[in-house]
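Structure file target37.txt (compact mmCIF, N, CA and C atoms) is printed below.
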```
# COMPACT_ATOMS: atom_id res chain seq x y z
N MET O 1 67.62 -22.63 71.67
CA MET O 1 66.17 -22.58 71.48
C MET O 1 65.84 -22.13 70.05
N ASN O 2 66.47 -21.06 69.62
CA ASN O 2 66.22 -20.52 68.29
C ASN O 2 66.61 -21.53 67.21
N ARG O 3 67.71 -22.24 67.45
CA ARG O 3 68.18 -23.24 66.49
C ARG O 3 67.19 -24.39 66.38
N SER O 4 66.60 -24.82 67.46
CA SER O 4 65.65 -25.93 67.42
C SER O 4 64.35 -25.53 66.70
N VAL O 5 63.95 -24.28 66.82
CA VAL O 5 62.75 -23.81 66.10
C VAL O 5 63.00 -23.87 64.60
N TRP O 6 64.17 -23.40 64.18
CA TRP O 6 64.50 -23.43 62.76
C TRP O 6 64.62 -24.86 62.25
N LEU O 7 65.19 -25.74 63.03
CA LEU O 7 65.32 -27.13 62.64
C LEU O 7 63.95 -27.79 62.50
N GLY O 8 63.06 -27.52 63.45
CA GLY O 8 61.70 -28.06 63.38
C GLY O 8 60.95 -27.53 62.17
N LEU O 9 61.08 -26.24 61.89
CA LEU O 9 60.42 -25.64 60.73
C LEU O 9 60.96 -26.24 59.44
N PHE O 10 62.25 -26.45 59.38
CA PHE O 10 62.86 -27.05 58.19
C PHE O 10 62.34 -28.47 57.97
N MET O 11 62.20 -29.25 59.03
CA MET O 11 61.72 -30.62 58.89
C MET O 11 60.27 -30.66 58.42
N VAL O 12 59.45 -29.78 58.95
CA VAL O 12 58.05 -29.73 58.53
C VAL O 12 57.95 -29.33 57.06
N MET O 13 58.71 -28.32 56.65
CA MET O 13 58.65 -27.85 55.27
C MET O 13 59.18 -28.91 54.30
N SER O 14 60.24 -29.61 54.67
CA SER O 14 60.79 -30.63 53.77
C SER O 14 59.83 -31.80 53.64
N CYS O 15 59.12 -32.16 54.69
CA CYS O 15 58.13 -33.24 54.61
C CYS O 15 56.94 -32.83 53.74
N ALA O 16 56.50 -31.59 53.89
CA ALA O 16 55.36 -31.11 53.10
C ALA O 16 55.74 -31.02 51.63
N HIS O 17 56.98 -30.64 51.35
CA HIS O 17 57.41 -30.50 49.97
C HIS O 17 57.56 -31.87 49.30
N GLY O 18 57.92 -32.87 50.05
CA GLY O 18 58.15 -34.20 49.50
C GLY O 18 56.89 -35.02 49.33
N MET O 19 55.74 -34.53 49.76
CA MET O 19 54.50 -35.28 49.66
C MET O 19 54.06 -35.37 48.19
N PRO O 20 53.51 -36.50 47.77
CA PRO O 20 53.06 -36.63 46.37
C PRO O 20 51.82 -35.76 46.12
N ALA O 21 51.57 -35.50 44.85
CA ALA O 21 50.40 -34.71 44.46
C ALA O 21 49.13 -35.50 44.75
N ASN O 22 48.03 -34.80 44.87
CA ASN O 22 46.74 -35.42 45.13
C ASN O 22 46.36 -36.27 43.92
N PRO O 23 46.19 -37.59 44.08
CA PRO O 23 45.89 -38.44 42.92
C PRO O 23 44.46 -38.26 42.39
N PHE O 24 43.60 -37.62 43.15
CA PHE O 24 42.22 -37.44 42.72
C PHE O 24 42.01 -36.19 41.87
N LEU O 25 43.00 -35.31 41.85
CA LEU O 25 42.92 -34.12 41.00
C LEU O 25 43.51 -34.44 39.64
N PRO O 26 42.85 -33.98 38.55
CA PRO O 26 43.40 -34.25 37.22
C PRO O 26 44.69 -33.46 37.01
N ARG O 27 45.61 -34.05 36.29
CA ARG O 27 46.86 -33.36 35.99
C ARG O 27 46.61 -32.39 34.85
N VAL O 28 47.07 -31.16 35.03
CA VAL O 28 46.90 -30.12 34.03
C VAL O 28 48.30 -29.69 33.57
N SER O 29 48.52 -29.80 32.27
CA SER O 29 49.82 -29.40 31.74
C SER O 29 49.92 -27.87 31.72
N PRO O 30 51.13 -27.33 31.69
CA PRO O 30 51.29 -25.88 31.62
C PRO O 30 50.63 -25.28 30.37
N CYS O 31 50.63 -26.01 29.28
CA CYS O 31 49.99 -25.51 28.05
C CYS O 31 48.46 -25.43 28.20
N GLU O 32 47.88 -26.44 28.85
CA GLU O 32 46.43 -26.41 29.10
C GLU O 32 46.07 -25.27 30.04
N LYS O 33 46.91 -25.04 31.04
CA LYS O 33 46.68 -23.96 31.98
C LYS O 33 46.76 -22.61 31.26
N LEU O 34 47.72 -22.46 30.36
CA LEU O 34 47.86 -21.23 29.59
C LEU O 34 46.68 -21.02 28.66
N SER O 35 46.22 -22.08 28.01
CA SER O 35 45.05 -21.97 27.13
C SER O 35 43.80 -21.57 27.90
N ALA O 36 43.64 -22.12 29.09
CA ALA O 36 42.49 -21.75 29.92
C ALA O 36 42.58 -20.29 30.35
N GLN O 37 43.79 -19.83 30.64
CA GLN O 37 43.98 -18.43 31.01
C GLN O 37 43.66 -17.51 29.83
N LEU O 38 44.10 -17.89 28.64
CA LEU O 38 43.84 -17.07 27.45
C LEU O 38 42.37 -17.07 27.07
N ALA O 39 41.67 -18.16 27.35
CA ALA O 39 40.24 -18.23 27.05
C ALA O 39 39.44 -17.26 27.90
N GLY O 40 39.99 -16.83 29.03
CA GLY O 40 39.31 -15.86 29.89
C GLY O 40 39.36 -14.44 29.35
N TRP O 41 40.24 -14.16 28.40
CA TRP O 41 40.32 -12.83 27.79
C TRP O 41 39.19 -12.68 26.78
N VAL O 42 38.61 -11.47 26.70
CA VAL O 42 37.51 -11.20 25.79
C VAL O 42 37.87 -10.02 24.91
N LEU O 43 37.78 -10.23 23.60
CA LEU O 43 38.02 -9.15 22.64
C LEU O 43 36.73 -8.36 22.49
N GLN O 44 36.79 -7.07 22.78
CA GLN O 44 35.60 -6.22 22.72
C GLN O 44 35.53 -5.38 21.46
N GLY O 45 36.67 -5.08 20.85
CA GLY O 45 36.66 -4.29 19.63
C GLY O 45 38.05 -4.01 19.14
N VAL O 46 38.12 -3.54 17.89
CA VAL O 46 39.39 -3.17 17.27
C VAL O 46 39.23 -1.78 16.70
N ILE O 47 40.19 -0.92 17.02
CA ILE O 47 40.20 0.45 16.53
C ILE O 47 41.32 0.54 15.51
N GLY O 48 40.98 0.93 14.28
CA GLY O 48 41.97 1.01 13.22
C GLY O 48 42.45 2.43 13.03
N SER O 49 43.73 2.59 12.74
CA SER O 49 44.30 3.89 12.40
C SER O 49 45.32 3.67 11.30
N SER O 50 45.83 4.76 10.75
CA SER O 50 46.80 4.62 9.67
C SER O 50 48.12 4.03 10.18
N ALA O 51 48.46 4.28 11.43
CA ALA O 51 49.72 3.78 11.99
C ALA O 51 49.62 2.30 12.38
N ALA O 52 48.63 1.94 13.18
CA ALA O 52 48.49 0.55 13.65
C ALA O 52 47.09 0.35 14.23
N ASN O 53 46.66 -0.89 14.25
CA ASN O 53 45.38 -1.24 14.88
C ASN O 53 45.60 -1.48 16.36
N THR O 54 44.56 -1.16 17.14
CA THR O 54 44.59 -1.38 18.59
C THR O 54 43.35 -2.16 18.97
N ALA O 55 43.53 -3.22 19.73
CA ALA O 55 42.41 -4.03 20.20
C ALA O 55 42.08 -3.66 21.64
N LEU O 56 40.81 -3.65 21.96
CA LEU O 56 40.36 -3.44 23.34
C LEU O 56 39.95 -4.80 23.89
N MET O 57 40.68 -5.25 24.92
CA MET O 57 40.42 -6.57 25.48
C MET O 57 40.19 -6.47 26.98
N LEU O 58 39.34 -7.34 27.47
CA LEU O 58 39.01 -7.42 28.89
C LEU O 58 39.69 -8.66 29.47
N SER O 59 40.52 -8.45 30.49
CA SER O 59 41.25 -9.56 31.10
C SER O 59 40.31 -10.38 32.00
N PRO O 60 40.72 -11.59 32.39
CA PRO O 60 39.90 -12.39 33.30
C PRO O 60 39.67 -11.71 34.65
N GLN O 61 40.56 -10.79 35.04
CA GLN O 61 40.41 -10.07 36.30
C GLN O 61 39.50 -8.86 36.16
N GLY O 62 39.00 -8.58 34.96
CA GLY O 62 38.11 -7.45 34.73
C GLY O 62 38.83 -6.15 34.43
N VAL O 63 40.08 -6.21 34.00
CA VAL O 63 40.87 -5.03 33.70
C VAL O 63 40.91 -4.83 32.18
N TRP O 64 40.59 -3.61 31.71
CA TRP O 64 40.63 -3.29 30.30
C TRP O 64 42.07 -3.03 29.88
N ARG O 65 42.45 -3.55 28.69
CA ARG O 65 43.79 -3.30 28.16
C ARG O 65 43.71 -2.97 26.68
N ARG O 66 44.58 -2.06 26.26
CA ARG O 66 44.76 -1.77 24.84
C ARG O 66 45.89 -2.66 24.35
N ILE O 67 45.63 -3.43 23.32
CA ILE O 67 46.58 -4.41 22.84
C ILE O 67 47.02 -4.03 21.43
N LYS O 68 48.32 -4.05 21.21
CA LYS O 68 48.90 -3.79 19.88
C LYS O 68 49.83 -4.93 19.52
N VAL O 69 50.26 -4.95 18.26
CA VAL O 69 51.19 -5.97 17.79
C VAL O 69 52.49 -5.87 18.60
N ASP O 70 53.06 -7.00 18.93
CA ASP O 70 54.30 -7.17 19.70
C ASP O 70 54.14 -6.89 21.20
N ASN O 71 52.92 -6.64 21.69
CA ASN O 71 52.70 -6.56 23.14
C ASN O 71 52.77 -7.97 23.72
N GLU O 72 53.18 -8.08 24.98
CA GLU O 72 53.17 -9.36 25.67
C GLU O 72 51.92 -9.41 26.54
N LEU O 73 51.03 -10.33 26.22
CA LEU O 73 49.77 -10.44 26.95
C LEU O 73 49.98 -11.16 28.28
N ALA O 74 50.79 -12.18 28.27
CA ALA O 74 51.15 -12.96 29.46
C ALA O 74 52.55 -13.52 29.21
N PRO O 75 53.21 -14.04 30.22
CA PRO O 75 54.54 -14.62 29.97
C PRO O 75 54.47 -15.73 28.92
N GLY O 76 55.23 -15.58 27.85
CA GLY O 76 55.25 -16.57 26.77
C GLY O 76 54.17 -16.36 25.72
N VAL O 77 53.40 -15.27 25.80
CA VAL O 77 52.33 -14.99 24.84
C VAL O 77 52.56 -13.61 24.25
N ARG O 78 52.89 -13.55 22.95
CA ARG O 78 53.16 -12.29 22.27
C ARG O 78 52.12 -12.10 21.16
N ILE O 79 51.55 -10.88 21.10
CA ILE O 79 50.53 -10.55 20.10
C ILE O 79 51.19 -10.51 18.72
N GLU O 80 50.62 -11.28 17.79
CA GLU O 80 51.18 -11.41 16.46
C GLU O 80 50.49 -10.49 15.45
N SER O 81 49.16 -10.39 15.53
CA SER O 81 48.43 -9.52 14.61
C SER O 81 47.16 -9.00 15.26
N VAL O 82 46.80 -7.77 14.88
CA VAL O 82 45.55 -7.14 15.31
C VAL O 82 44.92 -6.57 14.05
N ASN O 83 43.73 -7.07 13.70
CA ASN O 83 43.01 -6.54 12.54
C ASN O 83 41.52 -6.63 12.79
N GLU O 84 40.73 -6.23 11.78
CA GLU O 84 39.27 -6.20 11.94
C GLU O 84 38.68 -7.58 12.21
N ALA O 85 39.36 -8.62 11.73
CA ALA O 85 38.85 -9.98 11.91
C ALA O 85 39.09 -10.51 13.32
N GLY O 86 40.09 -9.98 14.03
CA GLY O 86 40.37 -10.44 15.37
C GLY O 86 41.80 -10.21 15.76
N VAL O 87 42.21 -10.87 16.83
CA VAL O 87 43.56 -10.75 17.37
C VAL O 87 44.14 -12.15 17.45
N SER O 88 45.40 -12.29 17.03
CA SER O 88 46.07 -13.58 17.17
C SER O 88 47.36 -13.38 17.94
N ALA O 89 47.69 -14.39 18.74
CA ALA O 89 48.89 -14.34 19.58
C ALA O 89 49.73 -15.58 19.32
N LYS O 90 51.02 -15.40 19.41
CA LYS O 90 51.96 -16.51 19.29
C LYS O 90 52.29 -17.00 20.70
N ILE O 91 52.13 -18.30 20.91
CA ILE O 91 52.34 -18.90 22.22
C ILE O 91 53.72 -19.54 22.24
N ASP O 92 54.23 -19.79 23.42
CA ASP O 92 55.51 -20.45 23.62
C ASP O 92 55.63 -21.66 22.69
N LEU O 93 56.80 -21.87 22.14
CA LEU O 93 57.01 -22.92 21.14
C LEU O 93 56.72 -24.32 21.63
N THR O 94 56.74 -24.55 22.92
CA THR O 94 56.51 -25.90 23.44
C THR O 94 55.05 -26.29 23.40
N CYS O 95 54.14 -25.34 23.28
CA CYS O 95 52.70 -25.62 23.28
C CYS O 95 52.19 -25.81 21.86
N GLN O 96 51.22 -26.68 21.72
CA GLN O 96 50.55 -26.88 20.44
C GLN O 96 49.06 -26.67 20.64
N PRO O 97 48.35 -25.93 19.84
CA PRO O 97 48.84 -25.15 18.71
C PRO O 97 49.67 -23.96 19.18
N ALA O 98 50.49 -23.45 18.28
CA ALA O 98 51.44 -22.39 18.63
C ALA O 98 50.82 -21.01 18.57
N THR O 99 49.55 -20.92 18.18
CA THR O 99 48.86 -19.62 18.13
C THR O 99 47.52 -19.71 18.83
N TYR O 100 47.05 -18.57 19.27
CA TYR O 100 45.72 -18.47 19.89
C TYR O 100 45.01 -17.30 19.24
N ARG O 101 43.73 -17.41 18.97
CA ARG O 101 43.00 -16.37 18.24
C ARG O 101 41.72 -15.99 18.96
N TRP O 102 41.46 -14.67 19.04
CA TRP O 102 40.22 -14.14 19.58
C TRP O 102 39.46 -13.47 18.45
N GLU O 103 38.15 -13.64 18.45
CA GLU O 103 37.28 -12.98 17.48
C GLU O 103 36.12 -12.35 18.23
N ILE O 104 35.56 -11.32 17.62
CA ILE O 104 34.36 -10.71 18.19
C ILE O 104 33.20 -11.54 17.69
N LYS O 105 32.57 -12.27 18.57
CA LYS O 105 31.52 -13.20 18.18
C LYS O 105 30.15 -12.54 18.26
N GLY O 106 29.41 -12.62 17.16
CA GLY O 106 28.04 -12.14 17.14
C GLY O 106 27.88 -10.65 17.13
N LYS O 107 28.96 -9.89 17.06
CA LYS O 107 28.84 -8.44 17.10
C LYS O 107 29.26 -7.79 15.80
N ASN O 108 30.09 -8.44 15.00
CA ASN O 108 30.60 -7.83 13.78
C ASN O 108 29.50 -7.52 12.78
N HIS O 109 28.76 -8.55 12.41
CA HIS O 109 27.80 -8.39 11.33
C HIS O 109 26.39 -8.77 11.76
N ALA O 110 26.09 -8.67 13.01
CA ALA O 110 24.78 -9.07 13.50
C ALA O 110 23.68 -8.21 12.88
N MET O 111 23.89 -6.90 12.81
CA MET O 111 22.87 -6.01 12.23
C MET O 111 22.78 -6.22 10.72
N ASP O 112 23.89 -6.42 10.05
CA ASP O 112 23.88 -6.62 8.61
C ASP O 112 23.13 -7.89 8.24
N THR O 113 23.31 -8.94 9.00
CA THR O 113 22.66 -10.21 8.71
C THR O 113 21.15 -10.09 8.81
N SER O 114 20.66 -9.47 9.88
CA SER O 114 19.21 -9.36 10.04
C SER O 114 18.61 -8.40 9.01
N THR O 115 19.32 -7.36 8.64
CA THR O 115 18.82 -6.43 7.63
C THR O 115 18.76 -7.10 6.28
N ALA O 116 19.80 -7.86 5.94
CA ALA O 116 19.83 -8.56 4.65
C ALA O 116 18.72 -9.60 4.61
N ALA O 117 18.50 -10.31 5.69
CA ALA O 117 17.45 -11.32 5.72
C ALA O 117 16.08 -10.66 5.62
N GLY O 118 15.89 -9.53 6.29
CA GLY O 118 14.62 -8.83 6.22
C GLY O 118 14.37 -8.27 4.83
N ALA O 119 15.39 -7.75 4.17
CA ALA O 119 15.24 -7.22 2.82
C ALA O 119 14.93 -8.32 1.84
N ALA O 120 15.53 -9.47 1.99
CA ALA O 120 15.31 -10.57 1.07
C ALA O 120 13.88 -11.08 1.19
N THR O 121 13.34 -11.15 2.38
CA THR O 121 11.97 -11.63 2.53
C THR O 121 10.97 -10.59 2.05
N ALA O 122 11.30 -9.31 2.18
CA ALA O 122 10.40 -8.27 1.73
C ALA O 122 10.33 -8.22 0.21
N LEU O 123 11.39 -8.56 -0.48
CA LEU O 123 11.39 -8.52 -1.94
C LEU O 123 10.55 -9.64 -2.53
N HIS O 124 10.38 -10.73 -1.84
CA HIS O 124 9.65 -11.87 -2.38
C HIS O 124 8.18 -11.89 -1.99
N LYS O 125 7.67 -10.82 -1.41
CA LYS O 125 6.25 -10.81 -1.06
C LYS O 125 5.42 -10.48 -2.32
N PRO O 126 4.46 -11.29 -2.62
CA PRO O 126 3.64 -11.04 -3.83
C PRO O 126 2.67 -9.88 -3.58
N GLY O 127 2.25 -9.21 -4.66
CA GLY O 127 1.24 -8.17 -4.57
C GLY O 127 1.80 -6.79 -4.38
N ARG O 128 3.06 -6.58 -4.40
CA ARG O 128 3.59 -5.24 -4.24
C ARG O 128 4.55 -4.88 -5.29
```
Using the file provided, produce a representation of the structure as structure tokens.
Amino acid sequence: MNRSVWLGLFMVMSCAHGMPANPFLPRVSPCEKLSAQLAGWVLQGVIGSSAANTALMLSPQGVWRRIKVDNELAPGVRIESVNEAGVSAKIDLTCQPATYRWEIKGKNHAMDTSTAAGAATALHKPGR
């Protein structure tokens, strides 16, 4: 009895494993999947010190991580540089492009831009 249960389970599993992929779903390469996973990470800031810079990043699962140079962010993804401009990672050699970069968008110089624009318009007002 026990042997027939195992044999039946084996036959069902081998049939399910041998079935072709769903033709209506688009094929996604491992590199595209990795790029999509990396796009879910958000760079929130960079803290500089005399020893090394540390980036604060939010993972797609909502977990905060401190990232430094040579940390492994995901399998096949190693942090290459952390500086004020952003964070760059080296991806597995089989993927192109071989690097991925995060930047803080709209937060670095947002106040400086509006202040400079406001000062420039105030200087050109006639009568003062």
Got a sec: who's within 7 Å of O:Val82, counting only N, CA and C atoms, leaving out chain neighbours fewer than 2 positions off, as a PDB file with N, CA and C atoms, keeping the file's coordinate frame?
```pdb
ATOM      1  N   ASN O  53      46.660  -0.890  14.250  1.00  0.00           N
ATOM      2  CA  ASN O  53      45.380  -1.240  14.880  1.00  0.00           C
ATOM      3  C   ASN O  53      45.600  -1.480  16.360  1.00  0.00           C
ATOM      4  N   THR O  54      44.560  -1.160  17.140  1.00  0.00           N
ATOM      5  CA  THR O  54      44.590  -1.380  18.590  1.00  0.00           C
ATOM      6  C   THR O  54      43.350  -2.160  18.970  1.00  0.00           C
ATOM      7  N   ALA O  55      43.530  -3.220  19.730  1.00  0.00           N
ATOM      8  CA  ALA O  55      42.410  -4.030  20.200  1.00  0.00           C
ATOM      9  C   ALA O  55      42.080  -3.660  21.640  1.00  0.00           C
ATOM     10  N   LYS O  68      48.320  -4.050  21.210  1.00  0.00           N
ATOM     11  CA  LYS O  68      48.900  -3.790  19.880  1.00  0.00           C
ATOM     12  C   LYS O  68      49.830  -4.930  19.520  1.00  0.00           C
ATOM     13  N   VAL O  69      50.260  -4.950  18.260  1.00  0.00           N
ATOM     14  CA  VAL O  69      51.190  -5.970  17.790  1.00  0.00           C
ATOM     15  C   VAL O  69      52.490  -5.870  18.600  1.00  0.00           C
ATOM     16  N   ILE O  79      51.550 -10.880  21.100  1.00  0.00           N
ATOM     17  CA  ILE O  79      50.530 -10.550  20.100  1.00  0.00           C
ATOM     18  C   ILE O  79      51.190 -10.510  18.720  1.00  0.00           C
ATOM     19  N   GLU O  80      50.620 -11.280  17.790  1.00  0.00           N
ATOM     20  CA  GLU O  80      51.180 -11.410  16.460  1.00  0.00           C
ATOM     21  C   GLU O  80      50.490 -10.490  15.450  1.00  0.00           C
ATOM     22  N   GLU O  84      40.730  -6.230  11.780  1.00  0.00           N
ATOM     23  CA  GLU O  84      39.270  -6.200  11.940  1.00  0.00           C
ATOM     24  C   GLU O  84      38.680  -7.580  12.210  1.00  0.00           C
ATOM     25  N   ALA O  85      39.360  -8.620  11.730  1.00  0.00           N
ATOM     26  CA  ALA O  85      38.850  -9.980  11.910  1.00  0.00           C
ATOM     27  C   ALA O  85      39.090 -10.510  13.320  1.00  0.00           C
ATOM     28  N   GLY O  86      40.090  -9.980  14.030  1.00  0.00           N
ATOM     29  CA  GLY O  86      40.370 -10.440  15.370  1.00  0.00           C
ATOM     30  C   GLY O  86      41.800 -10.210  15.760  1.00  0.00           C
ATOM     31  N   VAL O  87      42.210 -10.870  16.830  1.00  0.00           N
ATOM     32  CA  VAL O  87      43.560 -10.750  17.370  1.00  0.00           C
ATOM     33  C   VAL O  87      44.140 -12.150  17.450  1.00  0.00           C
ATOM     34  N   SER O  88      45.400 -12.290  17.030  1.00  0.00           N
ATOM     35  CA  SER O  88      46.070 -13.580  17.170  1.00  0.00           C
ATOM     36  C   SER O  88      47.360 -13.380  17.940  1.00  0.00           C
TER      37      SER O  88
END
```
DSSP on the backbone: what in stretch 32-97 of chain O comes out helix (DSSP H, G or I), as a PyMOL selection string? chain O and resi 32-39
Please determine, counting all atoms listed in the file, which residue among O:Glu103, O:Lys33, O:Ser59, O:Ala89 has the shortest atom-to-atom distance to O:Val77.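 For O:Val77, the nearest of the given residues is O:Ala89.
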Can you tell me, as an MDAnalysis selection string, which residues in stretch 20-112 of chain O count as strand (DSSP E) by DSSP? chainID O and resid 42:47 54:58 64:67 72:74 77:83 86:91 99:102
Within 7 Å of (34.9, -13.7, 22.1), only C-alpha atoms: residues as JSON, numbers by chain? {"O": [42, 43, 102, 103, 104, 105]}
For atom CA of O:Leu58 and atom N of O:Ala39, the interatomic separation in Å (one decimal): 11.2 Å
Could you please determine the separation between atom CA of O:Arg101 and atom CA of O:Leu25 in Å, to one decimal place?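 Between these atoms lies a distance of 28.9 Å.
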One decimal, Å: what's the distance from atom CA of O:Leu34 over to atom CA of O:Gln61, could you say?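 Going from atom CA of O:Leu34 over to atom CA of O:Gln61 covers 15.0 Å.
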Using only C-alpha atoms, what residues lie at most 7 Å away from (37.7, -3.1, 23.3) (file coordinates), given as a VMD selection string? chain O and resid 43 to 46 55 to 57
Same residues, N, CA and C atoms, saved as a CSV table (one decimal), in the frame of the given file:
```csv
chain,number,residue,atom,x,y,z
O,43,LEU,N,37.8,-10.2,23.6
O,43,LEU,CA,38.0,-9.2,22.6
O,43,LEU,C,36.7,-8.4,22.5
O,44,GLN,N,36.8,-7.1,22.8
O,44,GLN,CA,35.6,-6.2,22.7
O,44,GLN,C,35.5,-5.4,21.5
O,45,GLY,N,36.7,-5.1,20.8
O,45,GLY,CA,36.7,-4.3,19.6
O,45,GLY,C,38.0,-4.0,19.1
O,46,VAL,N,38.1,-3.5,17.9
O,46,VAL,CA,39.4,-3.2,17.3
O,46,VAL,C,39.2,-1.8,16.7
O,55,ALA,N,43.5,-3.2,19.7
O,55,ALA,CA,42.4,-4.0,20.2
O,55,ALA,C,42.1,-3.7,21.6
O,56,LEU,N,40.8,-3.6,22.0
O,56,LEU,CA,40.4,-3.4,23.3
O,56,LEU,C,40.0,-4.8,23.9
O,57,MET,N,40.7,-5.2,24.9
O,57,MET,CA,40.4,-6.6,25.5
O,57,MET,C,40.2,-6.5,27.0
```
Nearest candidate to O:Pro75 (options O:Ala36, O:Ile91, O:Met11, O:Ala52; using only C-alpha atoms):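 That would be O:Ile91, the residue with the smallest distance to O:Pro75.
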